[in-house]
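Next comes final.csv, with CSV, C-alpha atoms.
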chain,number,residue,atom,x,y,z
A,236,MET,CA,7.7,-52.1,-150.2
A,237,THR,CA,9.9,-49.9,-148.0
A,238,GLY,CA,9.5,-52.4,-145.2
A,239,GLY,CA,10.9,-55.2,-147.4
A,240,LEU,CA,13.8,-53.0,-148.4
A,241,VAL,CA,14.6,-52.2,-144.7
A,242,GLY,CA,14.4,-55.9,-143.9
A,243,ILE,CA,16.8,-56.8,-146.6
A,244,LEU,CA,19.2,-53.9,-145.6
A,245,VAL,CA,19.2,-55.0,-142.0
A,246,MET,CA,19.2,-58.8,-142.4
A,247,GLY,CA,21.6,-58.9,-145.4
A,248,PRO,CA,24.7,-57.8,-143.5
A,249,ILE,CA,23.9,-60.2,-140.6
A,250,LEU,CA,23.5,-63.1,-143.0
A,251,VAL,CA,26.7,-62.3,-144.8
A,252,ALA,CA,28.6,-61.9,-141.5
A,253,LEU,CA,27.3,-65.2,-140.2
A,254,ILE,CA,28.1,-67.1,-143.4
A,255,ALA,CA,31.6,-65.5,-143.4
A,256,LEU,CA,32.2,-66.7,-139.8
A,257,TYR,CA,30.9,-70.2,-140.8
A,258,MET,CA,33.3,-70.3,-143.8
A,259,LEU,CA,36.2,-69.4,-141.5
A,260,SER,CA,34.9,-72.2,-139.2
A,261,ARG,CA,34.6,-70.0,-136.2
A,262,ILE,CA,31.0,-71.0,-135.5
A,263,SER,CA,29.1,-74.2,-136.3
A,264,GLY,CA,26.1,-74.5,-138.6
A,265,LEU,CA,23.7,-74.8,-135.6
A,266,GLN,CA,25.0,-71.5,-134.3
A,267,VAL,CA,24.5,-69.8,-137.7
A,268,ILE,CA,20.8,-70.9,-137.6
A,269,PHE,CA,20.4,-69.9,-133.9
A,270,TYR,CA,21.9,-66.4,-134.5
A,271,LEU,CA,19.8,-65.9,-137.7
A,272,ALA,CA,16.6,-66.9,-135.9
A,273,SER,CA,17.5,-64.6,-133.0
A,274,ALA,CA,18.1,-61.7,-135.4
A,275,VAL,CA,14.7,-62.3,-137.1
A,276,ILE,CA,13.0,-62.5,-133.7
A,277,LEU,CA,14.5,-59.4,-132.2
A,278,ILE,CA,14.3,-57.2,-135.3
A,279,GLY,CA,10.7,-58.3,-135.8
A,280,ALA,CA,9.9,-57.6,-132.2
A,281,LEU,CA,11.5,-54.1,-132.5
A,282,GLY,CA,9.5,-53.5,-135.6
A,283,ALA,CA,6.3,-54.6,-134.0
A,284,VAL,CA,6.8,-52.3,-131.1
A,285,LEU,CA,8.3,-49.2,-132.8
A,286,LEU,CA,6.7,-48.9,-136.2
A,287,PRO,CA,4.1,-46.1,-136.3
A,288,ASN,CA,1.8,-48.0,-138.8
A,289,LEU,CA,-0.2,-50.7,-137.0
A,290,VAL,CA,-0.5,-52.9,-140.0
A,291,HIS,CA,3.3,-52.9,-140.4
A,292,SER,CA,3.5,-53.9,-136.7
A,293,ALA,CA,1.2,-56.8,-137.2
A,294,LEU,CA,3.2,-58.0,-140.3
A,295,SER,CA,6.4,-57.6,-138.3
A,296,LEU,CA,4.9,-59.8,-135.6
A,297,ILE,CA,4.7,-62.7,-138.1
A,298,ALA,CA,8.5,-62.7,-138.5
A,299,THR,CA,8.9,-62.8,-134.8
A,300,LEU,CA,6.5,-65.7,-134.3
A,301,LEU,CA,8.0,-67.7,-137.1
A,302,GLY,CA,11.4,-67.1,-135.6
A,303,VAL,CA,10.2,-68.4,-132.3
A,304,ALA,CA,8.9,-71.5,-134.0
A,305,ALA,CA,12.5,-72.0,-135.4
A,306,ILE,CA,13.9,-71.7,-131.9
A,307,TYR,CA,11.4,-74.3,-130.7
A,308,LEU,CA,12.7,-76.6,-133.4
A,309,MET,CA,16.3,-76.0,-132.2
A,310,LEU,CA,15.1,-76.9,-128.7
A,311,LEU,CA,14.0,-80.3,-130.1
A,312,SER,CA,10.3,-79.9,-129.6
A,313,GLU,CA,8.8,-80.3,-133.0
A,314,PHE,CA,5.2,-80.5,-131.9
A,315,LEU,CA,5.3,-77.2,-130.2
A,316,ALA,CA,6.9,-75.6,-133.2
A,317,LEU,CA,4.1,-76.9,-135.4
A,318,VAL,CA,1.5,-75.7,-132.9
A,319,GLN,CA,3.2,-72.3,-132.8
A,320,ILE,CA,3.0,-71.9,-136.6
A,321,LEU,CA,-0.6,-73.1,-136.7
A,322,VAL,CA,-2.0,-71.1,-133.8
A,323,TYR,CA,0.1,-68.0,-134.0
A,324,GLY,CA,1.1,-67.8,-137.6
A,325,GLY,CA,-2.4,-68.7,-138.6
A,326,GLY,CA,-5.0,-67.9,-136.1
A,327,VAL,CA,-3.7,-65.1,-133.9
A,328,ILE,CA,-2.2,-63.0,-136.8
A,329,ILE,CA,-5.5,-63.3,-138.7
A,330,LEU,CA,-7.5,-62.2,-135.6
A,331,VAL,CA,-5.2,-59.2,-135.0
A,332,ILE,CA,-5.4,-58.1,-138.7
A,333,PHE,CA,-9.2,-58.4,-138.6
A,334,GLY,CA,-9.2,-56.4,-135.4
A,335,LEU,CA,-7.1,-53.7,-137.1
A,336,MET,CA,-9.5,-53.7,-140.1
A,337,MET,CA,-12.6,-53.4,-137.9
A,338,THR,CA,-11.3,-50.6,-135.7
A,339,ASN,CA,-9.7,-47.5,-137.3
A,340,ALA,CA,-6.2,-48.8,-137.8
A,341,GLN,CA,-4.7,-45.3,-137.5
A,342,ASP,CA,-1.1,-44.5,-136.6
A,343,ASP,CA,-0.2,-44.3,-133.0
A,344,PRO,CA,-3.0,-42.3,-131.4
A,345,VAL,CA,-2.5,-38.8,-130.0
A,346,VAL,CA,-1.4,-39.0,-126.4
A,347,SER,CA,-3.4,-37.0,-123.9
A,348,ASP,CA,-1.2,-37.0,-120.8
A,349,GLY,CA,2.4,-36.9,-122.1
A,350,SER,CA,4.6,-39.5,-123.7
A,351,GLN,CA,5.5,-42.5,-121.6
A,352,LYS,CA,8.3,-43.5,-123.9
A,353,PRO,CA,11.3,-42.5,-121.7
A,354,PHE,CA,9.9,-44.2,-118.7
A,355,ALA,CA,9.0,-47.3,-120.7
A,356,PHE,CA,12.5,-47.4,-122.2
A,357,GLY,CA,14.0,-47.1,-118.7
A,358,VAL,CA,12.0,-50.0,-117.4
A,359,GLY,CA,12.6,-52.2,-120.5
A,360,ALA,CA,16.4,-51.5,-120.2
A,361,LEU,CA,16.3,-52.3,-116.5
A,362,ILE,CA,14.5,-55.6,-117.1
A,363,ALA,CA,16.8,-56.6,-120.0
A,364,GLY,CA,19.9,-55.8,-118.1
A,365,LEU,CA,18.8,-57.6,-115.0
A,366,PHE,CA,17.7,-60.8,-116.8
A,367,VAL,CA,20.7,-60.9,-119.1
A,368,ALA,CA,23.2,-60.4,-116.3
A,369,THR,CA,21.5,-63.1,-114.3
A,370,ALA,CA,21.4,-65.6,-117.2
A,371,LEU,CA,25.0,-65.0,-118.0
A,372,SER,CA,26.4,-65.1,-114.4
A,373,ALA,CA,24.6,-68.3,-113.2
A,374,SER,CA,26.1,-71.7,-114.0
A,375,TRP,CA,23.4,-73.9,-115.5
A,376,GLY,CA,25.2,-77.2,-115.3
A,377,ALA,CA,25.7,-79.8,-118.0
A,378,ALA,CA,23.1,-79.8,-120.8
A,379,ASP,CA,21.2,-83.0,-121.4
A,380,PRO,CA,18.9,-82.4,-124.4
A,381,THR,CA,16.8,-85.3,-125.6
A,382,LEU,CA,14.3,-85.5,-128.4
A,383,ILE,CA,10.7,-86.4,-127.5
A,384,PRO,CA,8.9,-88.1,-130.4
A,385,PHE,CA,5.4,-87.2,-131.3
A,386,ASN,CA,3.8,-90.4,-130.1
A,387,VAL,CA,5.5,-90.2,-126.7
A,388,PHE,CA,4.5,-86.6,-126.3
A,389,GLY,CA,0.8,-87.3,-127.1
A,390,GLU,CA,0.7,-90.4,-124.9
A,391,ARG,CA,2.2,-88.6,-121.9
A,392,LEU,CA,0.1,-85.5,-122.5
A,393,PHE,CA,-3.2,-87.4,-122.4
A,394,ARG,CA,-2.2,-89.8,-119.7
A,395,ASP,CA,-0.4,-87.7,-117.1
A,396,PHE,CA,-2.0,-84.3,-117.8
A,397,SER,CA,-5.6,-85.2,-118.5
A,398,LEU,CA,-7.1,-82.9,-115.9
A,399,PRO,CA,-5.2,-79.7,-117.1
A,400,ILE,CA,-6.4,-80.6,-120.6
A,401,ILE,CA,-10.0,-80.7,-119.5
A,402,VAL,CA,-9.5,-77.3,-117.6
A,403,VAL,CA,-8.0,-75.8,-120.7
A,404,ALA,CA,-10.9,-77.1,-122.8
A,405,PHE,CA,-13.4,-75.4,-120.4
A,406,LEU,CA,-11.3,-72.2,-120.6
A,407,LEU,CA,-11.4,-72.2,-124.4
A,408,ASP,CA,-15.1,-72.8,-124.4
A,409,ILE,CA,-15.8,-69.9,-122.0
A,410,ALA,CA,-13.5,-67.6,-123.9
A,411,PHE,CA,-15.2,-68.4,-127.2
A,412,THR,CA,-18.7,-67.9,-125.7
A,413,GLY,CA,-17.6,-64.7,-124.1
A,414,ALA,CA,-16.2,-63.3,-127.3
A,415,LEU,CA,-19.3,-64.3,-129.2
A,416,VAL,CA,-21.7,-62.8,-126.7
A,417,ASN,CA,-19.7,-59.6,-126.5
A,418,ALA,CA,-19.6,-59.1,-130.2
A,419,ARG,CA,-23.3,-59.9,-130.7
A,420,ARG,CA,-24.5,-57.6,-128.0
A,421,ALA,CA,-22.5,-54.7,-129.4
A,422,GLU,CA,-24.0,-55.4,-132.8
A,423,ALA,CA,-27.5,-55.4,-131.5
A,424,ALA,CA,-26.9,-52.2,-129.6
A,425,SER,CA,-25.5,-50.4,-132.6
A,426,SER,CA,-28.2,-51.6,-134.9
A,427,GLY,CA,-30.8,-50.5,-132.3
A,428,GLU,CA,-29.3,-47.1,-132.3
A,429,ALA,CA,-29.4,-47.0,-136.1
A,430,THR,CA,-33.1,-47.9,-136.1
A,431,LYS,CA,-33.9,-45.2,-133.6
B,103,MET,CA,25.2,-77.7,-128.8
B,104,ILE,CA,24.2,-74.2,-128.0
B,105,PRO,CA,24.5,-73.3,-124.3
B,106,LEU,CA,21.3,-72.7,-122.4
B,107,SER,CA,22.2,-69.2,-121.5
B,108,ASN,CA,21.9,-68.1,-125.1
B,109,PHE,CA,18.3,-69.0,-125.1
B,110,LEU,CA,17.8,-67.2,-121.8
B,111,VAL,CA,19.4,-64.0,-123.1
B,112,LEU,CA,17.2,-64.1,-126.3
B,113,SER,CA,14.1,-64.5,-124.2
B,114,ALA,CA,15.1,-61.8,-121.8
B,115,LEU,CA,15.6,-59.3,-124.7
B,116,LEU,CA,12.3,-60.3,-126.3
B,117,PHE,CA,10.5,-59.9,-122.9
B,118,ALA,CA,12.0,-56.4,-122.4
B,119,ILE,CA,11.0,-55.3,-125.9
B,120,GLY,CA,7.4,-56.5,-125.3
B,121,PHE,CA,7.4,-54.7,-121.9
B,122,TYR,CA,8.5,-51.5,-123.6
B,123,GLY,CA,5.6,-51.9,-126.1
B,124,VAL,CA,3.0,-52.4,-123.4
B,125,LEU,CA,4.1,-49.3,-121.5
B,126,ALA,CA,4.9,-47.0,-124.4
B,127,ARG,CA,2.1,-47.5,-127.0
B,128,ARG,CA,-1.5,-46.3,-126.7
B,129,SER,CA,-3.3,-48.4,-129.2
B,130,ALA,CA,-5.1,-51.3,-127.6
B,131,ILE,CA,-4.3,-53.7,-130.4
B,132,LEU,CA,-0.6,-52.8,-130.2
B,133,ILE,CA,-0.6,-53.5,-126.5
B,134,LEU,CA,-2.1,-57.0,-127.3
B,135,ILE,CA,0.7,-57.6,-129.8
B,136,SER,CA,3.3,-56.6,-127.2
B,137,VAL,CA,1.7,-59.0,-124.7
B,138,GLU,CA,2.0,-61.7,-127.3
B,139,LEU,CA,5.8,-61.0,-127.5
B,140,MET,CA,6.1,-61.3,-123.8
B,141,LEU,CA,4.2,-64.6,-123.8
B,142,ALA,CA,6.5,-65.9,-126.6
B,143,ALA,CA,9.5,-65.0,-124.5
B,144,VAL,CA,8.2,-66.9,-121.5
B,145,ALA,CA,7.4,-69.9,-123.6
B,146,ILE,CA,10.9,-70.0,-125.0
B,147,ASN,CA,12.2,-70.0,-121.4
B,148,PHE,CA,9.9,-72.9,-120.4
B,149,ILE,CA,10.9,-75.0,-123.4
B,150,ALA,CA,14.6,-74.2,-123.0
B,151,PHE,CA,14.6,-75.3,-119.3
B,152,ALA,CA,12.4,-78.3,-120.1
B,153,THR,CA,14.7,-79.5,-122.9
B,154,TYR,CA,18.1,-78.8,-121.2
B,155,ARG,CA,17.5,-79.4,-117.5
B,156,ASP,CA,14.9,-82.0,-117.1
B,157,PRO,CA,13.8,-83.8,-120.3
B,158,LYS,CA,12.2,-86.7,-118.5
B,159,ALA,CA,9.8,-84.7,-116.3
B,160,PHE,CA,8.0,-83.2,-119.3
B,161,THR,CA,6.3,-80.4,-117.3
B,162,GLY,CA,7.9,-77.5,-119.1
B,163,LEU,CA,6.7,-78.6,-122.5
B,164,VAL,CA,3.1,-79.0,-121.3
B,165,PHE,CA,3.3,-75.6,-119.6
B,166,ALA,CA,4.4,-74.0,-122.8
B,167,LEU,CA,1.6,-75.7,-124.7
B,168,PHE,CA,-0.9,-74.3,-122.1
B,169,VAL,CA,0.8,-70.8,-122.5
B,170,ILE,CA,0.1,-71.0,-126.2
B,171,THR,CA,-3.5,-72.1,-125.7
B,172,VAL,CA,-4.3,-69.4,-123.1
B,173,ALA,CA,-2.6,-66.7,-125.3
B,174,ALA,CA,-4.9,-67.7,-128.2
B,175,ALA,CA,-8.0,-67.5,-126.0
B,176,GLU,CA,-6.8,-64.2,-124.6
B,177,VAL,CA,-6.3,-62.7,-128.0
B,178,GLY,CA,-9.8,-63.8,-129.1
B,179,LEU,CA,-11.5,-62.4,-126.0
B,180,ALA,CA,-9.5,-59.2,-125.9
B,181,LEU,CA,-10.1,-58.4,-129.5
B,182,GLY,CA,-13.8,-58.8,-128.8
B,183,ILE,CA,-13.5,-56.3,-126.0
B,184,VAL,CA,-11.5,-53.9,-128.1
B,185,LEU,CA,-14.1,-54.1,-130.9
B,186,ARG,CA,-16.8,-53.3,-128.3
B,187,LEU,CA,-14.8,-50.4,-127.0
B,188,PHE,CA,-14.4,-49.1,-130.5
B,189,ARG,CA,-18.1,-49.2,-131.1
B,190,GLU,CA,-18.9,-47.4,-127.9
B,191,ARG,CA,-16.2,-44.8,-128.1
B,192,ARG,CA,-15.2,-44.6,-131.8
B,193,SER,CA,-11.6,-45.2,-130.9
B,194,ALA,CA,-9.3,-48.1,-129.9
B,195,ASN,CA,-7.1,-45.8,-127.9
B,196,VAL,CA,-6.6,-46.9,-124.3
B,197,ASP,CA,-6.4,-43.3,-123.2
B,198,GLU,CA,-10.0,-42.9,-124.1
B,199,ALA,CA,-11.2,-45.7,-121.9
B,200,SER,CA,-10.8,-43.8,-118.6
B,201,SER,CA,-14.3,-44.1,-117.1
B,202,LEU,CA,-12.9,-46.0,-114.1
B,203,LYS,CA,-10.0,-43.6,-113.6
B,204,TRP,CA,-10.5,-41.5,-110.5
Structure re-expressed in structure tokens:
Amino acid sequence: MTGGLVGILVMGPILVALIALYMLSRISGLQVIFYLASAVILIGALGAVLLPNLVHSALSLIATLLGVAAIYLMLLSEFLALVQILVYGGGVIILVIFGLMMTNAQDDPVVSDGSQKPFAFGVGALIAGLFVATALSASWGAADPTLIPFNVFGERLFRDFSLPIIVVAFLLDIAFTGALVNARRAEAASSGEATK
Amino acid sequence: MIPLSNFLVLSALLFAIGFYGVLARRSAILILISVELMLAAVAINFIAFATYRDPKAFTGLVFALFVITVAAAEVGLALGIVLRLFRERRSANVDEASSLKW
């Protein structure tokens, strides 16, 4: 409830400002969408990292991941946008929320050896400053964006990159088996303790 | 068309926020969420460079697809480990898992 209110209070002025700039024809429609998606991504990410309640963090992550899918669409790769929504918006979020439900989804746990927040903030600011300065100072040359259709994407993926696909299939197989074995052993151990 | 540097700045900020989360928070699941943010930032960079700089070579898109796949596998496996840790120690706090700390 309060989260939605905060979201409206933060996103509302940004939306109004962007629409006003668009009406004054200072920025194009594409730029409106880009800045809106960027605002959703960054505010969602800040919420995911800063909110004390872990369930709110997980819900805030959804906004970020859907915003990232919008950015993929703007970069003309529809297939990856769809994969992003399916895999992250569906699978990963559900896994994370199940994880929160099965562990004790408390607020940020009590720290035992002092807060690391000042140090973490310093490192984060350093990284952000360095990367942003580099990205803005370099000259990236002329842009040449082209749309890759679905059928071309699939054709090239399975013709030119068939070995990486097989390797990734093995990786998924091993990860799935490992997760299953891990969870089952833990269950057997805890039920064994219960019967003792 | 939006210049390439805008996407790079966005991904740099997202990466920095994720990095802050990994360092500052103590809950294992929140660290996983922050790692997801960092991986999303990296994938944005891959796709931006692939689309703007070399659309014919196609490598960046495939790499981003594999980043998404590996991230999904990582979340599944890591949540299994967190669940195991919680059952052993009654807590999903990374400060509690200090058996290997010397």
What's the 10 Å shell around Val137 of chain B, counting only C-alpha atoms, without same-chain residues fewer than 3 positions away, as a list in words?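 Residues near the query, excluding close chain neighbours: Phe117, Gly120, Phe121, Gly123, Val124, Ile131, Leu132, Ile133, Leu134, Met140, Leu141, Ala142, Ala143, Ala173, Glu176 and Val177 of chain B.
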Go ahead and compute the interatomic distance for atom CA of Asn195 of chain B and atom CA of Ala418 of chain A, in Å to one decimal. 18.4 Å
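Near Met337 of chain A, within 9 Å and counting all atoms listed in the file, sit A:Ile332, A:Phe333, A:Gly334, A:Ala340, B:Leu185, B:Phe188, not including residues fewer than 3 positions from it in the same chain.
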Within 7 Å of Ala152 of chain B using all atoms listed in the file, minus same-chain residues under 5 positions, as a PyMOL selection string: chain B and resi 157+160+162-163
Determine, counting all atoms listed in the file, which protein, DNA and RNA residues have an atom within 7 Å of an atom of segment 279-283 of chain A; residues of the same chain fewer than 4 positions away are not included. Present the result as a list of chain:residue names.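 Contacts, with the query itself left out: A:Val275, A:Ser292, A:Ala293, A:Ser295, A:Leu296, A:Ala298, A:Thr299, B:Leu116, B:Ile119.
The interface of chain B with chain A at 6 Å, considering all atoms listed in the file, consists of Ser107, Val111, Ala114, Leu115, Ala118, Phe121, Tyr122, Gly123, Leu125, Ala126, Thr153, Tyr154, Ala175, Leu179, Gly182 and Arg186 of chain B.
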To one decimal place, how far is atom CA of Thr171 of chain B from atom CA of Leu294 of chain A in Å? 21.4 Å
Distance in Å - atom CA of Leu181 of chain B versus atom CA of Ile135 of chain B: 10.8 Å
Under the rule that all atoms listed in the file are counted, which of B:Glu198, B:Leu112, B:Ser193, B:Leu187 is the nearest residue to Asn147 of chain B? B:Leu112
